[in-house]
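First up is the structure itself, then whatever we jot down about it.
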Amino acid sequence: MKSLEQALNSLLMVKIVIGMIIGIFIERNAQFGIIYSLIGLSLSTALIVLLYVNKKLRIKRKYNFLNGLSFMSTWIFYGMMMTAYHHVEVPDIEQFGDATKIGVVIEPTEEKAKSHKTRIRIVDTTTNKTTEILAYFEKDSLNPPPQFGDLIGFISPARYIENDGNPLEFNYKEYMARQGVYCQAYIKSSEYTILVTAFEKGIKYYGSKIRNYLIDIYKNTGISGQHLAILQALTLGYKADLEPETITAFQTSGAMHILAVSGLHTGIIMMITNLLLSPLGKKKKSRMIKCAIVIMILWTFAAITGFSPSVCRSALMFSLLAVSQVLNRRISTYNPLATSAFILLSINPLLIYNVGFGLSYLAVVAIISCEPLVHYLLPKFDPVHDTKWIWIKKWLTRYFLGLIFVSISAQIGTSILSIRTFNLFPTYFLLTNIIVIPLSYFIMVLAIVLLAVSWVGPLASIVTYTLKIFLGALSGSVSWIESLPMSSIDDIFITNVSAILLYGFFAMAVVFFHWHRAVHLKIALSLFLAFALSITIFGTAKNINEQVIIYNKNKTSLYSITSNNKMTIYAKSNKLDERSISPATINAELAQPNLVEICLVDTLSKIADLFYEIEGKKFYVVKSNKQIEIMHDQSLKTDFLIVSENTFINGNDITEKFSCANVIFDSSNSKKFIAARQDEYTKLGIKCHDVTTDGAFIFGDGKKIIWWF
C-alpha cells in the first residue's frame with residue numbers, strides 16, 4: 001500500500017483542480033481582471049521554467065518550497081484567468097430600449113403555469129455584442145412559442161432580474177448572474193415574430209430534437225400523467241412535467257437523485273452498451289471500434305439530457321475508462337475525476353457554484369474514498385468449492401452490501417451540502433435506495449427496449465404494460481416512504497463554517513482509516529470538536545431577543561415581530577405552514593422561538609394591535625385613512641411608520657401627528673403610489689424604505705444571525 005505522501009504525489013490532476021478552484025473563488029470575489037491574472041500566470045510559468053532549467057536551484061533544500069509555490073500559483077492564476085475570461089458584464093438596460101430586438105432561442109422552451117420559459121441571446125448589431133436574457137412567452141393556444149434555434153424579433157421591454165430581498169431566501173438574482181444572465185422579459189404573443197425557424201443548429205439543438213422525438217414515442221405508447229413525467233425525467237432529464245407533489249415525495253424520501261440524470265444513469269447506459277457490444281471486445285481493432293461507439297453513445301445521451309454538469313462529469317469519466325480499456329491500462333480513479341472537473345471548469349468556471357455539480361462530485365469522491373474500507377466485508381468467490389447456489393447467495397450478498405455501501409458513502413459525501421442548501425435530510429435514504437435503484441435500472445432497460453420496438457405493436461404493448469408496472473412500483477414506493485413517520489428531518493440549518501469543518505472531519509477520518517496514523521486521528525477529532533463548538537456558538541446566537549422584519553412578498557402585507565422569544569407573524573393569510581408560501585416561516589424556523597403566532601392584518605383595527613415597541617423604538621402600521629381621521633388633533637410619537645394598502649398620509653401629518661422621520665412602504669403598495677409619496681416625503685427630510693426595491697426591512701439583533709448564517 002502506498003504511503004500518504006506517495007498517494008498525494010500521484011494525485012497530479014487533483015492538485016491542479018484544487019489550485020484552479022482557489023483561483024476561481026479569488027477572482028469571483030476580488031475581480032482582479034484578466035490582465036492581472038495573465039501577469040501572475042506569466043510570472044509563475046517563468047518561475048517553473050527557471051527551476052526546470054536550473055537543476056541546482058530546483059533541488060537545493062533552501063529553495064525547495066519554490067517548486068510547490070510555482071506549481072500551485074500557476075493553476076491558481078489559471079483559474080483566475082478563466083474566470084475573468086468568462087465573466088459577463090452587467091448590460092446597460094437602456095441599450096435594449098423600445099426598438100425591435102433580434103435574438104436566437106438558445107434553450108428548449110419549458111412550459112410553466114402561465115408562460116413558456118427559455119433563454120434568448122440578443123445580438124447588438126451596432127457593437128456586435130451578445131447578451132443573454134431570460135424570456136417568458138405568453139401562453140397562446142393559437143401561437144405556439146418559439147423553439148430552440150429559432151431567430152425571433154420582439155419589442156417587449158427587458159428589465160433586470162431582482163430578488164425579493166428577504167433574509168435567508170434563495171438569491172435568484174445571484175444564481176442567474178453566475179450563469180451570465182442579468183435581464184428578463186415577458187413577451188406577449190403580439191410582441192414577437194419568428195423570423196427564421198431553426199436558424200442556429202448545433203449539438204444541443206439536435207439533442208433537443210432527439211429528446212422531443214423520444215418523448216413523443218413514450219406518449220404514443222399510452223404512458224401518461226406523472227408516470228410519463230417520471231419516465232421523462234429518469235431517462236431523458238426532462239423534469240418540466242413533474243408536479244410539485246411528485247418532486248416533494250422524491251425529495252422527502254431521498255430519491256431525488258433518481259430524477260436528476262447523473263452517473264447512475266450514464267453508468268447504466270454504458271453497461272447496456274458494453275453488453276450489446278461484447279462480441280467486439282476480443283481484438284484490438286474491434287476494441288477501438290467498440291470504444292468509439294461507446295463514447296459516441298455516451299455523449300449523445302449527454303446531448304439529449306441537455307449537457308447537465310453531472311452527466312458531463314460521468315460521460316467524461318466513462319469515456320476515459322473506455323479508452324483505458326482499449327489500451328489495457330489501469331488508471332487511478334481520482335485523476336480522471338479531477339480531469340473531468342478541470343475540463344468542465346475551464347469551459348465554465350462558475351459551475352463550481354452549481355449545487356448539482358458539487359453534489360455529483362462529492363458523491364463520487366465519497367464512494368471511491370470509502371470503497372477500500374468495506375472491501376474486505378464482501379464475500380469472496382471460490383470457483384473451486386462454490387456450488388451454484390452458494391455462488392448465487394454470495395452474488396446477492398455482494399450486491400446488497402455494495403448497494404448499502406454506495407448509498408451510505410454517497411449520503412455522507414452529499415448530505416452536508418444538501419442540508420446547507422435544502423435544509424432537509426431524508427431519514428430513510430437507505431431503504432429508499434435499496435428499493436428505487438433496482439427499479440430505476442429495470443425502468444431504464446425497459447425504456448430502451450420500448451424505444452427499440454415501439455414500431456412493433458403487440459411487442460410494444462407488452463413492454464409498455466411492464467414498464468407501467470415498474471413506474472407504478474417506483475412512484476408507489478416513494479410515496480409510501482414519504483408517508484412513514486419522520487420520513488425526513490426538516491428545517492436543519494448549518495453554517496458555512498460548520499459545513500467546512502464537518503467535511504474536513506470526514507476527510508481526515510477516511511485518511512486515518514487508510515493509514516492508521518495517530519496524528520490523523522487527532523486532526524479529525526480536533527476538526528469535529530471545532531464543528532461542535534461552531535454549532536454551540538450558532539445555537540447561542542440564534543436566541544433572538546427583539547426583531548422586526550417587513551418582508552417583500554407578492555404584493556401583500558407580511559411582517560414578523562419577535563420579542564421575549566415569541567414571534568408574531570402578521571399576514572393577509574394564515575396559510576404559513578408551508579415554507580414555499582412565506583419567507584417568514586424560514587426566519588421563524590431559524591430563530592426557533594418558543595411560540596409562533598399568526599395574526600391576520602385585516603382583522604386588526606385597534607391602535608394597540610398595530611403599535612409595537614422593539615428595543616426602545618416605536619413602530620406603527622397605517623393601513624387605512626380611517627386611522628388618520630380617528631386621531632383628529634391627537635399625536636402618536638412613532639420612530640418608524642409602516643405604510644400599507646396605498647394609504648395616503650400627508651407629509652405634514654407624518655412630522656406633526658407622528659413625529660416620525662422614517663417611513664417604510666410594505667409590498668402591498670403600488671409602485672406608482674410609492675414613487676409619488678417618496679418624492680414628497682424626501683423633500684421633508686423623511687427617510688423612506690421601499691421593500692419592493694430596497695429589500696426587506698430588518699431591525700433588531702436578528703441581523704447577527706443572518707450574517708452568521
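A note on labels: chains of the C-alpha cells are A, B, ... as shown, every chain counts residues from 1, and ligands are counted from 1 in their shown order.
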
Quiz prompt | DSSP helix (DSSP H, G or I) selection over segment 186-327 of chain A, as a ChimeraX atom specification | solution = /A:189-191,203-220,225-236,244-253,256-259,263-276,278-280,284-304,309-327

Exercise. Determine, counting only C-alpha atoms, which protein, DNA and RNA residues have an atom within 6 Å of an atom of Lys117 of chain A; residues of the same chain fewer than 2 positions away are not included. Present the result as a PyMOL selection string.
Key: chain A and resi 109-110+135-136

For the selection just defined, write its residues with N, CA, C and O atoms to a file, as a PDB file, in the first residue's frame.
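Listed below is the output, selection-v5.pdb:
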ATOM      1  N   THR A 109     -37.759  25.404 -24.932  1.00  0.00           N
ATOM      2  CA  THR A 109     -38.792  26.098 -24.160  1.00  0.00           C
ATOM      3  C   THR A 109     -39.387  25.138 -23.130  1.00  0.00           C
ATOM      4  O   THR A 109     -39.641  23.972 -23.417  1.00  0.00           O
ATOM      5  N   GLU A 110     -39.587  25.656 -21.934  1.00  0.00           N
ATOM      6  CA  GLU A 110     -40.119  24.861 -20.824  1.00  0.00           C
ATOM      7  C   GLU A 110     -41.467  25.434 -20.418  1.00  0.00           C
ATOM      8  O   GLU A 110     -41.585  26.621 -20.123  1.00  0.00           O
ATOM      9  N   ALA A 135     -36.386  34.700 -20.936  1.00  0.00           N
ATOM     10  CA  ALA A 135     -37.608  35.113 -21.633  1.00  0.00           C
ATOM     11  C   ALA A 135     -38.790  34.248 -21.216  1.00  0.00           C
ATOM     12  O   ALA A 135     -38.674  33.021 -21.104  1.00  0.00           O
ATOM     13  N   TYR A 136     -39.926  34.911 -20.980  1.00  0.00           N
ATOM     14  CA  TYR A 136     -41.183  34.235 -20.675  1.00  0.00           C
ATOM     15  C   TYR A 136     -42.188  34.605 -21.757  1.00  0.00           C
ATOM     16  O   TYR A 136     -42.591  35.765 -21.872  1.00  0.00           O
TER      17      TYR A 136
END

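Picture a line from atom CA of Lys204 of chain A to atom CA of Ile343 of chain A; it runs 18.2 Å.
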
task = Tell me which protein, DNA and RNA residues are within 12 Å of Phe307 of chain A, counting only C-alpha atoms, leaving out same-chain ones fewer than 2 positions away, and put them as a VMD selection string.
result = chain A and resid 107 203 to 205 207 to 208 236 to 238 261 to 262 266 298 to 305 309 to 316 344 357

Identify, on the basis of only C-alpha atoms, every residue whose closest approach to segment 34-40 of chain A does not exceed 8 Å; exclude the query and any residue fewer than 3 positions from it along the same chain; express the result as a CSV table (one decimal) with N, CA and C atoms, in the first residue's frame.
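Generated file (part.csv):
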chain,number,residue,atom,x,y,z
A,43,LEU,N,4.3,35.1,-14.7
A,43,LEU,CA,5.4,35.1,-13.7
A,43,LEU,C,5.6,33.7,-13.1
A,44,SER,N,4.5,33.0,-12.8
A,44,SER,CA,4.6,31.7,-12.2
A,44,SER,C,5.1,30.7,-13.2
A,74,THR,N,0.6,28.7,-10.4
A,74,THR,CA,0.3,28.7,-11.9
A,74,THR,C,-1.2,28.3,-12.1
A,77,PHE,N,-3.6,31.1,-10.8
A,77,PHE,CA,-3.7,32.2,-11.7
A,77,PHE,C,-4.5,31.7,-13.0
A,78,TYR,N,-4.3,30.4,-13.3
A,78,TYR,CA,-5.1,29.9,-14.5
A,78,TYR,C,-6.6,30.0,-14.2
A,80,MET,N,-8.1,32.0,-12.1
A,80,MET,CA,-8.4,33.4,-12.1
A,80,MET,C,-8.6,33.9,-13.5
A,81,MET,N,-7.7,33.5,-14.4
A,81,MET,CA,-7.8,34.0,-15.8
A,81,MET,C,-9.0,33.4,-16.5
A,84,ALA,N,-12.0,35.3,-15.2
A,84,ALA,CA,-12.1,36.6,-15.7
A,84,ALA,C,-12.5,36.6,-17.2
A,85,TYR,N,-12.0,35.6,-17.9
A,85,TYR,CA,-12.3,35.5,-19.4
A,85,TYR,C,-13.8,35.2,-19.6

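Each of A:Gly616, A:Ile269, A:Lys112, A:Gly103 was checked against Val445 of chain A using only C-alpha atoms; the smallest atom-to-atom distance is that of A:Ile269.
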
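With only C-alpha atoms as the atoms that count, the minimum distance from Ile194 of chain A to the choices A:Phe381, A:Phe699, A:Trp75, A:Phe154 is reached by A:Phe154.
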
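For the pair atom CA of Phe137 of chain A and atom CA of Leu350 of chain A, the separation is 27.6 Å.
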
A straight line from atom CA of Gln325 of chain A to atom CA of Met288 of chain A spans 9.3 Å

Could you pull the residues within 10 Å of segment 657-665 of chain A, counting only C-alpha atoms, minus those fewer than 3 positions along the same chain, as an MDAnalysis selection string? chainID A and resid 550 552 557 618:621 628 631:647 651:654 668:671 673:674 677:678 681:682 684:692 696:697

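For Ile434 of chain A, the residues within 9 Å (counting only C-alpha atoms, excluding itself and residues fewer than 2 positions away along the chain) are Phe400, Leu403, Ile404, Ser407, Phe429, Leu430, Leu431, Thr432, Val436, Ile437 and Pro438 of chain A.
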
Selection from above, N, CA, C and O atoms, as a PDB file, in the first residue's frame, can you write it?
ATOM      1  N   PHE A 400     -26.273  -6.552  -2.463  1.00  0.00           N
ATOM      2  CA  PHE A 400     -26.982  -5.733  -1.475  1.00  0.00           C
ATOM      3  C   PHE A 400     -26.018  -5.008  -0.539  1.00  0.00           C
ATOM      4  O   PHE A 400     -26.250  -3.854  -0.182  1.00  0.00           O
ATOM      5  N   LEU A 403     -24.739  -2.175  -2.548  1.00  0.00           N
ATOM      6  CA  LEU A 403     -25.761  -1.134  -2.680  1.00  0.00           C
ATOM      7  C   LEU A 403     -25.853  -0.312  -1.400  1.00  0.00           C
ATOM      8  O   LEU A 403     -25.937   0.927  -1.441  1.00  0.00           O
ATOM      9  N   ILE A 404     -25.812  -0.990  -0.252  1.00  0.00           N
ATOM     10  CA  ILE A 404     -25.857  -0.286   1.030  1.00  0.00           C
ATOM     11  C   ILE A 404     -24.620   0.589   1.206  1.00  0.00           C
ATOM     12  O   ILE A 404     -24.712   1.748   1.629  1.00  0.00           O
ATOM     13  N   SER A 407     -24.812   3.658  -1.062  1.00  0.00           N
ATOM     14  CA  SER A 407     -25.822   4.597  -0.562  1.00  0.00           C
ATOM     15  C   SER A 407     -25.298   5.384   0.628  1.00  0.00           C
ATOM     16  O   SER A 407     -25.436   6.616   0.690  1.00  0.00           O
ATOM     17  N   PHE A 429     -33.166   7.155   3.702  1.00  0.00           N
ATOM     18  CA  PHE A 429     -32.459   7.159   2.421  1.00  0.00           C
ATOM     19  C   PHE A 429     -31.943   5.767   2.064  1.00  0.00           C
ATOM     20  O   PHE A 429     -31.911   5.387   0.884  1.00  0.00           O
ATOM     21  N   LEU A 430     -31.541   4.985   3.069  1.00  0.00           N
ATOM     22  CA  LEU A 430     -31.007   3.655   2.795  1.00  0.00           C
ATOM     23  C   LEU A 430     -32.098   2.730   2.263  1.00  0.00           C
ATOM     24  O   LEU A 430     -31.902   2.028   1.253  1.00  0.00           O
ATOM     25  N   LEU A 431     -33.252   2.742   2.910  1.00  0.00           N
ATOM     26  CA  LEU A 431     -34.393   1.952   2.440  1.00  0.00           C
ATOM     27  C   LEU A 431     -34.806   2.408   1.050  1.00  0.00           C
ATOM     28  O   LEU A 431     -35.099   1.584   0.164  1.00  0.00           O
ATOM     29  N   THR A 432     -34.809   3.715   0.837  1.00  0.00           N
ATOM     30  CA  THR A 432     -35.187   4.265  -0.469  1.00  0.00           C
ATOM     31  C   THR A 432     -34.279   3.745  -1.571  1.00  0.00           C
ATOM     32  O   THR A 432     -34.746   3.270  -2.619  1.00  0.00           O
ATOM     33  N   VAL A 436     -35.407   1.848  -4.866  1.00  0.00           N
ATOM     34  CA  VAL A 436     -35.552   2.616  -6.110  1.00  0.00           C
ATOM     35  C   VAL A 436     -34.413   2.402  -7.100  1.00  0.00           C
ATOM     36  O   VAL A 436     -34.620   2.528  -8.316  1.00  0.00           O
ATOM     37  N   ILE A 437     -33.203   2.087  -6.627  1.00  0.00           N
ATOM     38  CA  ILE A 437     -32.101   1.898  -7.577  1.00  0.00           C
ATOM     39  C   ILE A 437     -32.332   0.682  -8.475  1.00  0.00           C
ATOM     40  O   ILE A 437     -32.211   0.785  -9.707  1.00  0.00           O
ATOM     41  N   PRO A 438     -32.701  -0.508  -7.926  1.00  0.00           N
ATOM     42  CA  PRO A 438     -33.029  -1.617  -8.835  1.00  0.00           C
ATOM     43  C   PRO A 438     -34.218  -1.296  -9.744  1.00  0.00           C
ATOM     44  O   PRO A 438     -34.210  -1.649 -10.935  1.00  0.00           O
TER      45      PRO A 438
END

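Among A:Ile419, A:Ala255, A:Ala229, A:Leu234, the residue with the shortest atom-to-atom distance to Ile435 of chain A, counting only C-alpha atoms, is A:Ala255.
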
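Minimum atom-to-atom distance to Ser141 of chain A, evaluated using only C-alpha atoms, belongs to A:Ser189 out of A:Ser189, A:Pro167, A:Ile258, A:Gly23.
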
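Distance check against Leu529 of chain A using only C-alpha atoms: of A:Ile390, A:Leu362, A:Ile155, A:Leu502, the minimum falls on A:Leu502.
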
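Using only C-alpha atoms, the nearest neighbour of Val181 of chain A within the list A:Val90, A:Ala322, A:Ile489, A:Ile215 is A:Val90.
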
*Check the DSSP output for the backbone and give back, as a ChimeraX atom specification, the residues of segment 289-538 of chain A in strand (DSSP E).*
/A:424-426,488-490

Taking only residues of segment 207-250 of chain A that have an atom at most 10 Å from an atom of segment 462-466 of chain A, what is each one's shortest atom pair and its distance in Å to one decimal, using only C-alpha atoms, in chain and number order, as a Markdown table?
| residue | atom | partner | partner_atom | distance |
| --- | --- | --- | --- | --- |
| A:Tyr218 | CA | A:Thr464 | CA | 8.9 |
| A:Thr221 | CA | A:Thr464 | CA | 6.7 |
| A:Gly222 | CA | A:Thr464 | CA | 7.8 |
| A:Ile223 | CA | A:Thr464 | CA | 7.5 |
